[in-house]
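Asker: Below you will find the structure I want to go over with you.
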Amino acid sequence: MNLEESDKFVEQQIQTEKKKKVVLFSIVLCAILIALLLIMIIYIQYQDSLKLKMYVDGKQVPIGSDLFKQEGDTTYVNIKSLSETLGYTYTKGEYKKYNEDEKSCYVKNNLEIVAMTADKKTMVKYIEVVDGAPELSKEGPYGMEMRVESQNGESNTFVLDKTIKMFDNQLYLPFEKMTDVFNVMVDTRTENRIKLYTLPTLFQNAMQVAASLEYATISGVYENIRALPYGLIVVGDNGIFGVIDNSGKEILSVKYENLEFLQNSKEFFMSAENTVGLLDKDGNTIIKPTDYDDISILDEIEQLYLVKKDNKYGVLNREGEVVLHVDYDEIGLKNIDDFEVADNDDRNLLFDKCIVVELDGAYGLYDIKGRELLKPVYEGFGCKTSETGEDSVLVVPKSVGVEGLVINFNGLYAIYDIEKETIVVPAVYSKIYSVTRAGETNYYAEFGNEQLNLKDVLKNLGTTTNDSNDQENTNEPDESNEQTGEDEGTETIIVQ
């Protein structure tokens with residue numbers, strides 16, 4: 001190699017080394033940039049993971065600043081905002097009361113209405129099927145024709161552990177009650193991620209689970225579809241039904257002619273071979289299948305059940321124990337809609353503790369333990385008036401002097417004291433009614449043609465709630481006094 005060639009070789013070596021350094025530098029630089037990029041991505045993902053996000057059926061939905069409120073260890077959800085997100089209609093005021101009460105609201109879709117009021121321990125869900133509701137057609141979101149078993153207007157009461165709240169003049173629902181109100185499954189397993197799944201999405205998933213386990217179908221009854229948000233699937237095969245969970249585990253074996261999910265109590269009514277019973281969501285028997293023709297909920301809070309056999313009715317408790325034997329023609333007050341009553345009074349349970357029974361056309365009263373309060377010998381409860389300016393009365397409030405129930409005996413009216421468990425005003429009055437003027441309600445009793453203020457009547461009888469001398473418990477009517485009105489007690493009643 002000559003000198004010139006040697007210089008070229010050295011030059012080439014130098015250039016090669018420079019290229020290697022450039023390549024190495026580029027590789028290192030790229031590695032650094034990639035590392036920085038990864039760090040940035042991880043940081044962005046981390047920052048993003050700290051942000052609360054909500055998804056409905058896999059699609060992210062916006063979260064307003066007022067959607068959630070925290071009070072102590074309880075998270076609350078803005079009912080109006082969530083209604084709009086889930087396609088429900090939100091209406092201010094009490095359901096069917098036609099007012100603008102800021103503390104009440106109801107939400108509705110094509111099949112049901114949920115009524116809620118701040119600070120109440122219950123909420124009520126009504127079945128209200130809108131004509132042409134898409135949920136009930138094959139073209140609807142379920143892909144198969146559905147049906148609703150409940151009658152229109154039928155209601156179920158849900159007991160609340162934590163009540164509805166008012167924040168900034170808006171109503172908020174406890175987070176854990178979203179499932180009950182809006183029929184959604186709530187997944188919060190991922191931190192700062194709230195995933196909601198609606199009934200149509202849950203139904204399609206349930207169909208796949210059932211098919212994979214070779215069940216012929218799943219129930220097309222809307223009440224049973226409402227079991228899906230709780231991880232329960234009512235499956236069927238050749239006209240008989242059972243229940244599995246989302247993992248395919250059998251909860252109730254496929255052997256029942258009919259199953260109906262009770263959303264408010266998370267229980268199942270069952271029927272098989274002309275018997276009915278009650279099972280819980282874990283498959284445990286609450287009321288054993290017997291020879292009852294029908295079972296329904298009498299009162300959700302007290303966990304009482306109405307049973308029917310051969311057109312006679314009785315009452316059982318949640319342990320299946322008999323509260324009232326199946327001896328009565330009717331249980332519950334059929335004409336309660338004729339009266340103004342407190343929110344906690346319904347046709348099945350008055351004053352939260354009294355059950356009305358009908359036997360051979362006469363009415364009586366029992367408590368929730370089955371203890372007789374009034375023998376079934378009365379014509380009815382409540383006094384109905386058609387006079388202009390007068391209102392019919394079923395219950396008398398404590399503000400009058402006694403917390404009482406108006407009873408009808410032979411066309412005359414008396415008052416039964418709920419606290420003292422005795423008749424404190426005898427059946428000598430032709431009418432008991434109320435009059436409301438300028439926002440003030442007063443109660444009256446009519447004796448002959450004389451209008452008596454009920455407060456004065458109670459005061460003269462010494463039967464107001466402030467009186468410490470309880471009268472003798474006389475649950476049966478004294479016909480001699482009540483019919484003639486000629487004894488000393490009657491004279492005291494009409495003194496003003």
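Naming scheme: A, B, ... for chains in displayed order of the structure tokens; residues 1 onward per chain; ligands 1 onward as shown.
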Can you pull out every residue within 7 Å of Met146 in chain A, counting only C-alpha atoms, but drop anything in the same chain fewer than 2 positions away, and send it as a PyMOL selection string?

Answerer: chain A and resi 135-137+144+220-222

Asker: Go ahead and write the residues just picked, C-alpha atoms, as a CSV table (one decimal), in the first residue's frame.

Answerer:
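Result written to again-v4.csv:
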chain,number,residue,atom,x,y,z
A,135,GLU,CA,-89.7,-2.1,24.7
A,136,LEU,CA,-92.8,-4.3,24.1
A,137,SER,CA,-92.2,-5.0,20.4
A,144,MET,CA,-87.9,-10.0,21.0
A,220,GLY,CA,-89.5,-12.1,28.3
A,221,VAL,CA,-91.4,-10.8,31.3
A,222,TYR,CA,-90.4,-7.2,32.0

Asker: Could you please write out, as a PyMOL selection string, every residue of range 129-198 of chain A that DSSP assigns to strand (DSSP E or B)?

Answerer: chain A and resi 147+155-159+165-167+170-174+185-187+193-197

Asker: Show which residues sit within 9 Å of Tyr444 in chain A, as a ChimeraX atom specification. Count only C-alpha atoms, and ignore same-chain residues fewer than 4 positions away.

Answerer: /A:431-435,451-455,457

Asker: For Met166 in chain A, please output as a PDB file with N, CA, C and O atoms, in the first residue's frame all residues within 9 Å (counting only C-alpha atoms; exclusion window: fewer than 5 positions along the same chain).

Answerer:
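Output (selection_19.pdb):
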ATOM      1  N   LYS A 103     -89.417  19.597  46.695  1.00  0.00           N
ATOM      2  CA  LYS A 103     -88.808  18.469  47.393  1.00  0.00           C
ATOM      3  C   LYS A 103     -89.252  17.118  46.851  1.00  0.00           C
ATOM      4  O   LYS A 103     -88.869  16.077  47.383  1.00  0.00           O
ATOM      5  N   ALA A 118     -87.773  14.142  49.050  1.00  0.00           N
ATOM      6  CA  ALA A 118     -86.639  14.353  49.955  1.00  0.00           C
ATOM      7  C   ALA A 118     -87.001  13.980  51.384  1.00  0.00           C
ATOM      8  O   ALA A 118     -88.110  14.238  51.851  1.00  0.00           O
ATOM      9  N   ASP A 119     -86.058  13.320  52.055  1.00  0.00           N
ATOM     10  CA  ASP A 119     -86.130  12.972  53.476  1.00  0.00           C
ATOM     11  C   ASP A 119     -87.137  11.875  53.795  1.00  0.00           C
ATOM     12  O   ASP A 119     -87.319  11.532  54.965  1.00  0.00           O
ATOM     13  N   LEU A 171     -82.676  17.695  43.750  1.00  0.00           N
ATOM     14  CA  LEU A 171     -82.844  16.411  44.425  1.00  0.00           C
ATOM     15  C   LEU A 171     -81.736  15.448  44.038  1.00  0.00           C
ATOM     16  O   LEU A 171     -81.387  15.316  42.854  1.00  0.00           O
ATOM     17  N   TYR A 172     -81.210  14.761  45.042  1.00  0.00           N
ATOM     18  CA  TYR A 172     -80.122  13.804  44.835  1.00  0.00           C
ATOM     19  C   TYR A 172     -80.482  12.446  45.430  1.00  0.00           C
ATOM     20  O   TYR A 172     -81.084  12.355  46.505  1.00  0.00           O
TER      21      TYR A 172
END

Asker: I'd like to know which of A:Gly448, A:Thr422, A:Lys80, A:Ile336 is closest to Ser392 in chain A, using only C-alpha atoms.

Answerer: A:Ile336

Asker: So how many Å separate CA of Leu279 in chain A and CA of Lys266 in chain A, to one decimal?

Answerer: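 Separating CA of Leu279 in chain A from CA of Lys266 in chain A is a distance of 9.2 Å.
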
Asker: Go through range 161-214 of chain A and collect every residue that DSSP, computed from the backbone, puts in alpha helix (DSSP H); the answer should be as a list of chain:residue names.

Answerer: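 Filtering range 161-214 of chain A down to alpha helix (DSSP H) leaves A:Met178, A:Thr179, A:Asp180, A:Val181, A:Phe182, A:Leu199, A:Pro200, A:Thr201, A:Leu202, A:Phe203, A:Gln204, A:Asn205, A:Ala206, A:Met207, A:Gln208, A:Val209, A:Ala210, A:Ala211, A:Ser212.
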
Asker: For a test of reading the model, state the distance in Å between CA of Gln13 in chain A and CA of Val28 in chain A, rounded to one decimal.

Answerer: 22.1 Å
